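Okay, structure first, notes after.
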2 protein chains.
Amino acid sequence: MPDIAEVETTLTRLQDDICAALEKVDGKARFRIDDWTRAEGGGGSTRVLAEGGVFEQAGVNFSHVHGRALPPSASAARPQLAGRGFRALGVSLVVHPRNPYVPTSHANVRFFVAEHPDEEPIWWFGGGFDLTPYYGFDEDCIHWHGTAKAACDPFGADLYPRFKAWCDEYFFLPHRAEPRGVGGLFFDDHCSGDFGRDLAFIDAVGRGYLDAYLPIVERRRDTPYGPREREFQCLRRGRYVEFNLVYDRGTLFGLQSGGRTESILMSLPPQVAWRYDWHAEPGSAEERLLSHFLKPRDWLAPA
Amino acid sequence: MPDIAEVETTLTRLQDDICAALEKVDGKARFRIDDWTRAEGGGGSTRVLAEGGVFEQAGVNFSHVHGRALPPSASAARPQLAGRGFRALGVSLVVHPRNPYVPTSHANVRFFVAEHPDEEPIWWFGGGFDLTPYYGFDEDCIHWHGTAKAACDPFGADLYPRFKAWCDEYFFLPHRAEPRGVGGLFFDDHCSGDFGRDLAFIDAVGRGYLDAYLPIVERRRDTPYGPREREFQCLRRGRYVEFNLVYDRGTLFGLQSGGRTESILMSLPPQVAWRYDWHAEPGSAEERLLSHFLKPRDWLAPA
């Protein structure tokens, strides 16, 4: 039987630790904390750091909600659970750095229980983290994926390859025929049957996110840049908006089911640009993002 | 029987005239013309004026496409036509002015034929125009709606009230509980049985758009503004993006059916901002947009 209180303790501690770590790196701004409740049951804590020294905006959201009817989008593998009473807990975060040489990052860990009056409840975990660079660096991608693999490996050697492939498949914009970024981990419907082990796994994923991201932030945060890089960052952020508003299951479910709009849309970048039919100059660093980095590849393959 | 060539002539002439009128008002930039064809059949002409004197971006698209299976989203009233061979012609435009005192505007006129091997084809028109101010003015709203009514009235006194109400209903963001703007006209499945009359009606709607919009542009284009108004404009443009990417049937159908992405997304504003939980100061002009203008109302009611 899953222990909901233990999930809640693990996730709120994770949120606290991630916020503390991001604040420390930023060195200037602090997280604003908005605790909220839902009329339908449950609530959460939305934490946003805005206009920081390193982070233009970072949002780290915890929520614990329950409802009478699980939406079909909650479980990719078992839509037949739709309509059951449910409980969902999760931490979700998006970090938009100021410097275009620092990639945007996203992480999420979540837990669901679908209830049934006459049967044992069905529970599972989901989550992952993925990286969206503007200017790519092979060493950053290798570090990111290496850390993702290291977080998974103690829980099974099959996890990283499966969840890496799932991430490439999920974070893809069909109308642009482009991946959103260089991937990482994405998983849903994860349940080994051992609750304690699975909870430890998502905690490892959440903490692995910090190990994966912070060294990249430190390495790139002082790279000089000008209006050209800033403009490219804003144009690429447009793709991020397109993905989140057109395809992302969590965003769409949240908006359509009456979730707290500001907590859901804190994932959107603070400044964004679109320009008709814009293309990077052949041979430029901007073009290399598409030709070299935004191609699903095995970043951990021997060179 | 509808005459497709006549629809095409009417719509391409409308596109030409609208582009010429916008260029004249802008006085600085010219429309770039991209003619394109689709592998599946048909094509179009996308025209975009960027970085003008008055218009930060204006896109006017004509397309004429045909396909083997009409999507359900094409007809609100008769989803049973889905799956038939079809032909669709339309002009769609979005104008994003530079000055925040000039509203954003959108117009669309479209024609559909659903074919059937053994029956007469079924055809209908759709369209409308709507206005999205950042700083509202009663006289602009009255002029906009008065011109919309004047365009409709020769074709039936019932049209303006019906299409005005439909517009308020359609351009609404449920997750914000906000209308997109101050409305105008929206209609679908319009077929009186008299093809010539209905074609003349959508031509009147397309030309009525210019009569409705250009005087407002002239009246507001030289209003002084600073960073505060510009920032508010960028934040409100975020709502425009949210509507188009989350709800707009035309945008979503286009993206999901393999339409020309750049032609579809030319509706998105060139510069956009999001800020977590932003609210206008009580009593400010920015708050008045929401409290006074973004409320469905009868703008033509006697004062």
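Every chain in the structure tokens has a letter given in the order shown (A, B, ...), and although residue numbers restart at 1 in each chain, ligands are simply numbered from 1 in the order shown.
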Among stretch 103-148 of chain B, which ones does DSSP assign to strand (DSSP E) (computed from the backbone)? Answer as an mmCIF file with all heavy atoms, in the first residue's frame.
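Contents of result.cif, freshly written:
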```
data_model
loop_
_atom_site.group_PDB
_atom_site.id
_atom_site.type_symbol
_atom_site.label_atom_id
_atom_site.label_comp_id
_atom_site.auth_asym_id
_atom_site.auth_seq_id
_atom_site.Cartn_x
_atom_site.Cartn_y
_atom_site.Cartn_z
ATOM 1 N N THR B 104 -4.682 45.312 -31.905
ATOM 2 C CA THR B 104 -4.432 44.212 -32.840
ATOM 3 C C THR B 104 -5.760 43.841 -33.492
ATOM 4 O O THR B 104 -6.816 43.922 -32.861
ATOM 5 C CB THR B 104 -3.844 43.023 -32.046
ATOM 6 O OG1 THR B 104 -2.470 43.320 -31.753
ATOM 7 C CG2 THR B 104 -3.905 41.714 -32.821
ATOM 8 N N SER B 105 -5.702 43.458 -34.762
ATOM 9 C CA SER B 105 -6.940 43.062 -35.440
ATOM 10 C C SER B 105 -6.745 41.769 -36.200
ATOM 11 O O SER B 105 -5.628 41.411 -36.593
ATOM 12 C CB SER B 105 -7.407 44.164 -36.392
ATOM 13 O OG SER B 105 -6.501 44.300 -37.467
ATOM 14 N N HIS B 106 -7.854 41.069 -36.391
ATOM 15 C CA HIS B 106 -7.863 39.782 -37.090
ATOM 16 C C HIS B 106 -9.098 39.726 -37.972
ATOM 17 O O HIS B 106 -10.163 40.201 -37.566
ATOM 18 C CB HIS B 106 -7.908 38.657 -36.047
ATOM 19 C CG HIS B 106 -8.348 37.326 -36.599
ATOM 20 N ND1 HIS B 106 -9.569 36.750 -36.270
ATOM 21 C CD2 HIS B 106 -7.755 36.462 -37.468
ATOM 22 C CE1 HIS B 106 -9.696 35.594 -36.894
ATOM 23 N NE2 HIS B 106 -8.611 35.391 -37.618
ATOM 24 N N ALA B 107 -8.930 39.200 -39.177
ATOM 25 C CA ALA B 107 -10.097 38.988 -40.040
ATOM 26 C C ALA B 107 -9.891 37.696 -40.812
ATOM 27 O O ALA B 107 -8.757 37.254 -41.046
ATOM 28 C CB ALA B 107 -10.289 40.151 -41.008
ATOM 29 N N ASN B 108 -10.989 37.082 -41.194
ATOM 30 C CA ASN B 108 -10.922 35.829 -41.950
ATOM 31 C C ASN B 108 -12.211 35.689 -42.740
ATOM 32 O O ASN B 108 -13.285 35.990 -42.234
ATOM 33 C CB ASN B 108 -10.765 34.667 -40.950
ATOM 34 C CG ASN B 108 -10.956 33.298 -41.591
ATOM 35 O OD1 ASN B 108 -11.880 32.571 -41.240
ATOM 36 N ND2 ASN B 108 -10.123 32.963 -42.536
ATOM 37 N N VAL B 109 -12.081 35.287 -44.004
ATOM 38 C CA VAL B 109 -13.262 34.851 -44.765
ATOM 39 C C VAL B 109 -12.892 33.542 -45.439
ATOM 40 O O VAL B 109 -11.754 33.356 -45.887
ATOM 41 C CB VAL B 109 -13.721 35.887 -45.809
ATOM 42 C CG1 VAL B 109 -14.369 37.087 -45.125
ATOM 43 C CG2 VAL B 109 -12.581 36.345 -46.695
ATOM 44 N N ARG B 110 -13.815 32.610 -45.468
ATOM 45 C CA ARG B 110 -13.480 31.289 -45.976
ATOM 46 C C ARG B 110 -14.681 30.641 -46.643
ATOM 47 O O ARG B 110 -15.837 30.965 -46.347
ATOM 48 C CB ARG B 110 -12.936 30.398 -44.857
ATOM 49 C CG ARG B 110 -13.886 30.247 -43.684
ATOM 50 C CD ARG B 110 -13.242 29.552 -42.478
ATOM 51 N NE ARG B 110 -14.209 29.361 -41.409
ATOM 52 C CZ ARG B 110 -14.478 30.266 -40.456
ATOM 53 N NH1 ARG B 110 -13.820 31.421 -40.428
ATOM 54 N NH2 ARG B 110 -15.391 30.029 -39.538
ATOM 55 N N PHE B 111 -14.381 29.719 -47.551
ATOM 56 C CA PHE B 111 -15.410 29.015 -48.310
ATOM 57 C C PHE B 111 -15.060 27.534 -48.315
ATOM 58 O O PHE B 111 -13.902 27.169 -48.528
ATOM 59 C CB PHE B 111 -15.446 29.554 -49.747
ATOM 60 C CG PHE B 111 -16.342 28.776 -50.664
ATOM 61 C CD1 PHE B 111 -17.725 28.883 -50.551
ATOM 62 C CD2 PHE B 111 -15.806 27.939 -51.650
ATOM 63 C CE1 PHE B 111 -18.568 28.167 -51.398
ATOM 64 C CE2 PHE B 111 -16.641 27.221 -52.491
ATOM 65 C CZ PHE B 111 -18.028 27.327 -52.366
ATOM 66 N N PHE B 112 -16.045 26.695 -48.059
ATOM 67 C CA PHE B 112 -15.838 25.245 -48.067
ATOM 68 C C PHE B 112 -16.841 24.575 -49.002
ATOM 69 O O PHE B 112 -18.006 24.979 -49.045
ATOM 70 C CB PHE B 112 -16.075 24.651 -46.672
ATOM 71 C CG PHE B 112 -14.899 24.746 -45.753
ATOM 72 C CD1 PHE B 112 -14.722 25.852 -44.944
ATOM 73 C CD2 PHE B 112 -13.957 23.720 -45.688
ATOM 74 C CE1 PHE B 112 -13.639 25.950 -44.078
ATOM 75 C CE2 PHE B 112 -12.872 23.801 -44.827
ATOM 76 C CZ PHE B 112 -12.708 24.911 -44.019
ATOM 77 N N VAL B 113 -16.388 23.551 -49.709
ATOM 78 C CA VAL B 113 -17.293 22.641 -50.412
ATOM 79 C C VAL B 113 -16.961 21.232 -49.962
ATOM 80 O O VAL B 113 -15.797 20.820 -50.008
ATOM 81 C CB VAL B 113 -17.101 22.653 -51.940
ATOM 82 C CG1 VAL B 113 -18.274 21.935 -52.621
ATOM 83 C CG2 VAL B 113 -16.978 24.047 -52.471
ATOM 84 N N ALA B 114 -17.986 20.493 -49.526
ATOM 85 C CA ALA B 114 -17.825 19.075 -49.201
ATOM 86 C C ALA B 114 -18.457 18.279 -50.350
ATOM 87 O O ALA B 114 -19.630 18.478 -50.674
ATOM 88 C CB ALA B 114 -18.492 18.751 -47.877
ATOM 89 N N ILE B 122 -22.115 20.053 -50.899
ATOM 90 C CA ILE B 122 -22.614 20.953 -49.858
ATOM 91 C C ILE B 122 -21.567 22.047 -49.661
ATOM 92 O O ILE B 122 -20.375 21.751 -49.556
ATOM 93 C CB ILE B 122 -22.841 20.166 -48.550
ATOM 94 C CG1 ILE B 122 -24.015 19.200 -48.766
ATOM 95 C CG2 ILE B 122 -23.131 21.097 -47.381
ATOM 96 C CD1 ILE B 122 -24.263 18.282 -47.602
ATOM 97 N N TRP B 123 -21.988 23.279 -49.669
ATOM 98 C CA TRP B 123 -21.036 24.397 -49.559
ATOM 99 C C TRP B 123 -21.507 25.405 -48.526
ATOM 100 O O TRP B 123 -22.708 25.493 -48.247
ATOM 101 C CB TRP B 123 -20.837 25.071 -50.924
ATOM 102 C CG TRP B 123 -22.113 25.553 -51.562
ATOM 103 C CD1 TRP B 123 -22.900 24.864 -52.441
ATOM 104 C CD2 TRP B 123 -22.764 26.813 -51.360
ATOM 105 N NE1 TRP B 123 -23.996 25.611 -52.809
ATOM 106 C CE2 TRP B 123 -23.935 26.823 -52.153
ATOM 107 C CE3 TRP B 123 -22.476 27.941 -50.587
ATOM 108 C CZ2 TRP B 123 -24.814 27.899 -52.186
ATOM 109 C CZ3 TRP B 123 -23.346 29.026 -50.623
ATOM 110 C CH2 TRP B 123 -24.500 29.003 -51.422
ATOM 111 N N TRP B 124 -20.531 26.109 -47.974
ATOM 112 C CA TRP B 124 -20.857 27.164 -47.010
ATOM 113 C C TRP B 124 -19.696 28.138 -46.859
ATOM 114 O O TRP B 124 -18.575 27.851 -47.288
ATOM 115 C CB TRP B 124 -21.225 26.556 -45.648
ATOM 116 C CG TRP B 124 -20.084 25.880 -44.926
ATOM 117 C CD1 TRP B 124 -19.253 26.415 -43.998
ATOM 118 C CD2 TRP B 124 -19.661 24.514 -45.096
ATOM 119 N NE1 TRP B 124 -18.339 25.479 -43.568
ATOM 120 C CE2 TRP B 124 -18.564 24.306 -44.222
ATOM 121 C CE3 TRP B 124 -20.098 23.449 -45.897
ATOM 122 C CZ2 TRP B 124 -17.891 23.080 -44.142
ATOM 123 C CZ3 TRP B 124 -19.427 22.228 -45.806
ATOM 124 C CH2 TRP B 124 -18.341 22.049 -44.934
ATOM 125 N N PHE B 125 -20.018 29.264 -46.258
ATOM 126 C CA PHE B 125 -19.021 30.288 -45.995
ATOM 127 C C PHE B 125 -18.855 30.475 -44.485
ATOM 128 O O PHE B 125 -19.757 30.148 -43.702
ATOM 129 C CB PHE B 125 -19.453 31.637 -46.588
ATOM 130 C CG PHE B 125 -19.439 31.681 -48.090
ATOM 131 C CD1 PHE B 125 -20.582 31.356 -48.831
ATOM 132 C CD2 PHE B 125 -18.295 32.042 -48.767
ATOM 133 C CE1 PHE B 125 -20.569 31.402 -50.217
ATOM 134 C CE2 PHE B 125 -18.278 32.093 -50.169
ATOM 135 C CZ PHE B 125 -19.426 31.771 -50.892
ATOM 136 N N GLY B 126 -17.702 31.009 -44.110
ATOM 137 C CA GLY B 126 -17.471 31.366 -42.721
ATOM 138 C C GLY B 126 -16.582 32.600 -42.680
ATOM 139 O O GLY B 126 -16.016 32.995 -43.699
ATOM 140 N N GLY B 127 -16.434 33.182 -41.503
ATOM 141 C CA GLY B 127 -15.535 34.332 -41.414
ATOM 142 C C GLY B 127 -15.830 35.233 -40.256
ATOM 143 O O GLY B 127 -16.435 34.836 -39.258
ATOM 144 N N GLY B 128 -15.370 36.481 -40.422
ATOM 145 C CA GLY B 128 -15.604 37.497 -39.399
ATOM 146 C C GLY B 128 -14.368 38.353 -39.165
ATOM 147 O O GLY B 128 -13.343 38.171 -39.835
ATOM 148 N N PHE B 129 -14.486 39.285 -38.244
ATOM 149 C CA PHE B 129 -13.316 40.071 -37.814
ATOM 150 C C PHE B 129 -13.491 40.488 -36.367
ATOM 151 O O PHE B 129 -14.616 40.652 -35.893
ATOM 152 C CB PHE B 129 -13.025 41.259 -38.735
ATOM 153 C CG PHE B 129 -14.153 42.207 -39.051
ATOM 154 C CD1 PHE B 129 -14.614 43.108 -38.100
ATOM 155 C CD2 PHE B 129 -14.720 42.232 -40.323
ATOM 156 C CE1 PHE B 129 -15.611 44.025 -38.408
ATOM 157 C CE2 PHE B 129 -15.741 43.136 -40.643
ATOM 158 C CZ PHE B 129 -16.193 44.037 -39.685
ATOM 159 N N ASP B 130 -12.392 40.579 -35.655
ATOM 160 C CA ASP B 130 -12.462 40.923 -34.231
ATOM 161 C C ASP B 130 -11.265 41.778 -33.837
ATOM 162 O O ASP B 130 -10.207 41.715 -34.474
ATOM 163 C CB ASP B 130 -12.524 39.654 -33.373
ATOM 164 C CG ASP B 130 -11.288 38.814 -33.501
ATOM 165 O OD1 ASP B 130 -11.164 38.084 -34.492
ATOM 166 O OD2 ASP B 130 -10.406 38.914 -32.622
ATOM 167 N N LEU B 131 -11.438 42.551 -32.791
ATOM 168 C CA LEU B 131 -10.479 43.586 -32.391
ATOM 169 C C LEU B 131 -9.947 43.307 -30.980
ATOM 170 O O LEU B 131 -10.712 42.971 -30.076
ATOM 171 C CB LEU B 131 -11.194 44.944 -32.395
ATOM 172 C CG LEU B 131 -10.328 46.193 -32.294
ATOM 173 C CD1 LEU B 131 -9.551 46.405 -33.613
ATOM 174 C CD2 LEU B 131 -11.186 47.437 -32.026
ATOM 175 N N THR B 132 -8.645 43.449 -30.808
ATOM 176 C CA THR B 132 -8.012 43.184 -29.517
ATOM 177 C C THR B 132 -7.220 44.405 -29.062
ATOM 178 O O THR B 132 -6.032 44.535 -29.353
ATOM 179 C CB THR B 132 -7.072 41.954 -29.629
ATOM 180 O OG1 THR B 132 -7.795 40.878 -30.220
ATOM 181 C CG2 THR B 132 -6.575 41.524 -28.262
#
```
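The part of chain B that reaches within 6 Å of chain A is made up of His175, Leu245, Val246, Leu255, Glu262, Met266, Pro270, Gln271, Val272, Ala273, Trp274, Arg275, Tyr276 and Asp277 of chain B, counting only C-alpha atoms.
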Just-selected residues, N, CA, C and O atoms written as a short mmCIF file (atom, residue, chain, number, x, y, z; two decimals), in the first residue's frame:
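Result went into result-v6.cif, see below:
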```cif
data_model
loop_
_atom_site.label_atom_id
_atom_site.label_comp_id
_atom_site.auth_asym_id
_atom_site.auth_seq_id
_atom_site.Cartn_x
_atom_site.Cartn_y
_atom_site.Cartn_z
N HIS B 175 -9.51 29.45 -19.44
CA HIS B 175 -8.56 29.34 -18.32
C HIS B 175 -8.22 30.70 -17.73
O HIS B 175 -7.63 30.77 -16.64
N LEU B 245 -2.92 29.18 -29.71
CA LEU B 245 -2.30 27.85 -29.63
C LEU B 245 -3.13 26.84 -28.85
O LEU B 245 -3.03 25.64 -29.09
N VAL B 246 -3.93 27.29 -27.92
CA VAL B 246 -4.70 26.33 -27.10
C VAL B 246 -6.10 26.08 -27.67
O VAL B 246 -6.59 24.96 -27.63
N LEU B 255 -2.04 23.08 -37.86
CA LEU B 255 -0.81 22.47 -37.36
C LEU B 255 -0.88 20.95 -37.38
O LEU B 255 0.07 20.26 -37.71
N GLU B 262 4.65 28.07 -41.13
CA GLU B 262 4.98 29.51 -41.08
C GLU B 262 3.77 30.36 -41.47
O GLU B 262 3.60 31.47 -40.95
N MET B 266 2.09 32.86 -38.52
CA MET B 266 2.32 34.30 -38.73
C MET B 266 1.31 35.11 -37.90
O MET B 266 1.46 36.32 -37.75
N PRO B 270 5.17 39.40 -32.80
CA PRO B 270 6.64 39.34 -32.89
C PRO B 270 7.35 39.38 -31.54
O PRO B 270 8.40 38.77 -31.40
N GLN B 271 6.81 40.12 -30.57
CA GLN B 271 7.44 40.18 -29.23
C GLN B 271 6.35 39.95 -28.19
O GLN B 271 5.31 40.62 -28.25
N VAL B 272 6.61 39.04 -27.27
CA VAL B 272 5.59 38.65 -26.30
C VAL B 272 6.25 38.49 -24.94
O VAL B 272 7.44 38.16 -24.85
N ALA B 273 5.49 38.72 -23.88
CA ALA B 273 6.01 38.51 -22.53
C ALA B 273 4.99 37.78 -21.66
O ALA B 273 3.78 37.90 -21.87
N TRP B 274 5.51 36.98 -20.74
CA TRP B 274 4.68 36.42 -19.67
C TRP B 274 5.35 36.79 -18.34
O TRP B 274 6.58 36.79 -18.24
N ARG B 275 4.53 37.11 -17.36
CA ARG B 275 5.08 37.32 -16.03
C ARG B 275 4.14 36.68 -15.02
O ARG B 275 2.93 36.90 -15.08
N TYR B 276 4.71 35.89 -14.12
CA TYR B 276 3.90 35.14 -13.16
C TYR B 276 2.97 36.06 -12.37
O TYR B 276 3.44 37.03 -11.76
N ASP B 277 1.71 35.72 -12.40
CA ASP B 277 0.69 36.35 -11.54
C ASP B 277 0.70 37.88 -11.61
O ASP B 277 0.55 38.55 -10.60
#
```
(request) Run DSSP on the backbone and grab whatever in stretch 201-236 of chain A lands in alpha helix (DSSP H); send it over as number ranges by chain. (result) A: 201-220, 227-236
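One finds atom CA of B:Phe86 at 29.4 Å from atom CA of B:Ala148.
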(message) Can you tell me which residues surround stretch 20-35 of chain A at a distance of at most 9 Å, considering only C-alpha atoms, apart from same-chain residues fewer than 5 positions away, and format the answer as a PyMOL selection string?
(response) chain A and resi 15+43-55+58-60+210+214+217-218
(request) Can you work out which one of B:Gly42, B:Gly196, B:Pro117, B:Pro72 has the shortest atom-to-atom distance to B:Leu89, counting only C-alpha atoms? (result) B:Gly42
Need to verify the contact set: A:Pro224, 10 Å, only C-alpha atoms, exclusion of same-chain residues closer than 3 positions in sequence. Can you return it as a PDB file with all heavy atoms, in the first residue's frame?
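New file out-v1.pdb:
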```pdb
ATOM      1  N   ASN A  99      21.226  34.253 -19.507  1.00  0.00           N
ATOM      2  CA  ASN A  99      22.297  34.096 -20.507  1.00  0.00           C
ATOM      3  C   ASN A  99      21.921  33.013 -21.524  1.00  0.00           C
ATOM      4  O   ASN A  99      21.665  31.868 -21.156  1.00  0.00           O
ATOM      5  CB  ASN A  99      23.595  33.715 -19.782  1.00  0.00           C
ATOM      6  CG  ASN A  99      24.798  33.739 -20.702  1.00  0.00           C
ATOM      7  OD1 ASN A  99      24.762  33.244 -21.813  1.00  0.00           O
ATOM      8  ND2 ASN A  99      25.879  34.338 -20.205  1.00  0.00           N
ATOM      9  N   PRO A 100      21.908  33.357 -22.824  1.00  0.00           N
ATOM     10  CA  PRO A 100      21.508  32.374 -23.850  1.00  0.00           C
ATOM     11  C   PRO A 100      22.439  31.166 -23.940  1.00  0.00           C
ATOM     12  O   PRO A 100      22.079  30.174 -24.575  1.00  0.00           O
ATOM     13  CB  PRO A 100      21.547  33.182 -25.151  1.00  0.00           C
ATOM     14  CG  PRO A 100      21.488  34.623 -24.721  1.00  0.00           C
ATOM     15  CD  PRO A 100      22.169  34.682 -23.386  1.00  0.00           C
ATOM     16  N   TYR A 101      23.615  31.265 -23.336  1.00  0.00           N
ATOM     17  CA  TYR A 101      24.517  30.106 -23.347  1.00  0.00           C
ATOM     18  C   TYR A 101      24.167  29.099 -22.260  1.00  0.00           C
ATOM     19  O   TYR A 101      24.702  27.987 -22.241  1.00  0.00           O
ATOM     20  CB  TYR A 101      25.979  30.561 -23.237  1.00  0.00           C
ATOM     21  CG  TYR A 101      26.444  31.175 -24.542  1.00  0.00           C
ATOM     22  CD1 TYR A 101      26.427  32.551 -24.741  1.00  0.00           C
ATOM     23  CD2 TYR A 101      26.854  30.363 -25.592  1.00  0.00           C
ATOM     24  CE1 TYR A 101      26.810  33.114 -25.947  1.00  0.00           C
ATOM     25  CE2 TYR A 101      27.252  30.915 -26.807  1.00  0.00           C
ATOM     26  CZ  TYR A 101      27.222  32.279 -26.981  1.00  0.00           C
ATOM     27  OH  TYR A 101      27.597  32.813 -28.189  1.00  0.00           O
ATOM     28  N   ARG A 220      28.486  27.945 -17.925  1.00  0.00           N
ATOM     29  CA  ARG A 220      28.081  28.837 -19.027  1.00  0.00           C
ATOM     30  C   ARG A 220      27.610  30.212 -18.580  1.00  0.00           C
ATOM     31  O   ARG A 220      27.387  31.083 -19.411  1.00  0.00           O
ATOM     32  CB  ARG A 220      26.947  28.177 -19.834  1.00  0.00           C
ATOM     33  CG  ARG A 220      27.221  26.763 -20.312  1.00  0.00           C
ATOM     34  CD  ARG A 220      28.356  26.697 -21.318  1.00  0.00           C
ATOM     35  NE  ARG A 220      28.820  25.301 -21.466  1.00  0.00           N
ATOM     36  CZ  ARG A 220      30.025  24.978 -21.922  1.00  0.00           C
ATOM     37  NH1 ARG A 220      30.903  25.915 -22.267  1.00  0.00           N
ATOM     38  NH2 ARG A 220      30.376  23.714 -22.017  1.00  0.00           N
ATOM     39  N   ARG A 221      27.388  30.399 -17.299  1.00  0.00           N
ATOM     40  CA  ARG A 221      26.692  31.609 -16.851  1.00  0.00           C
ATOM     41  C   ARG A 221      27.436  32.896 -17.143  1.00  0.00           C
ATOM     42  O   ARG A 221      26.819  33.957 -17.242  1.00  0.00           O
ATOM     43  CB  ARG A 221      26.403  31.532 -15.340  1.00  0.00           C
ATOM     44  CG  ARG A 221      27.634  31.324 -14.511  1.00  0.00           C
ATOM     45  CD  ARG A 221      27.300  31.217 -13.037  1.00  0.00           C
ATOM     46  NE  ARG A 221      26.991  32.522 -12.475  1.00  0.00           N
ATOM     47  CZ  ARG A 221      26.633  32.722 -11.215  1.00  0.00           C
ATOM     48  NH1 ARG A 221      26.505  31.705 -10.383  1.00  0.00           N
ATOM     49  NH2 ARG A 221      26.393  33.937 -10.765  1.00  0.00           N
ATOM     50  N   GLU A 229      22.624  36.825 -29.717  1.00  0.00           N
ATOM     51  CA  GLU A 229      22.327  35.623 -28.936  1.00  0.00           C
ATOM     52  C   GLU A 229      21.002  35.768 -28.193  1.00  0.00           C
ATOM     53  O   GLU A 229      20.239  34.815 -28.089  1.00  0.00           O
ATOM     54  CB  GLU A 229      23.450  35.336 -27.923  1.00  0.00           C
ATOM     55  CG  GLU A 229      24.752  34.861 -28.556  1.00  0.00           C
ATOM     56  CD  GLU A 229      25.699  35.993 -28.897  1.00  0.00           C
ATOM     57  OE1 GLU A 229      25.268  37.167 -28.937  1.00  0.00           O
ATOM     58  OE2 GLU A 229      26.899  35.713 -29.127  1.00  0.00           O
TER      59      GLU A 229
END
```
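Once stretch 151-161 of chain A and its same-chain neighbours fewer than 5 positions away are set aside, A:Ala204, A:Val205, A:Gly208 remain within 6 Å of it when counting only C-alpha atoms.
Nearest residue to A:Ile216, choosing from A:Arg98, A:His143, A:Arg84, A:Arg68 and counting only C-alpha atoms: A:His143.
Here atom CA of B:Leu294 is placed at a distance of 7.5 Å from atom CA of B:Arg180.
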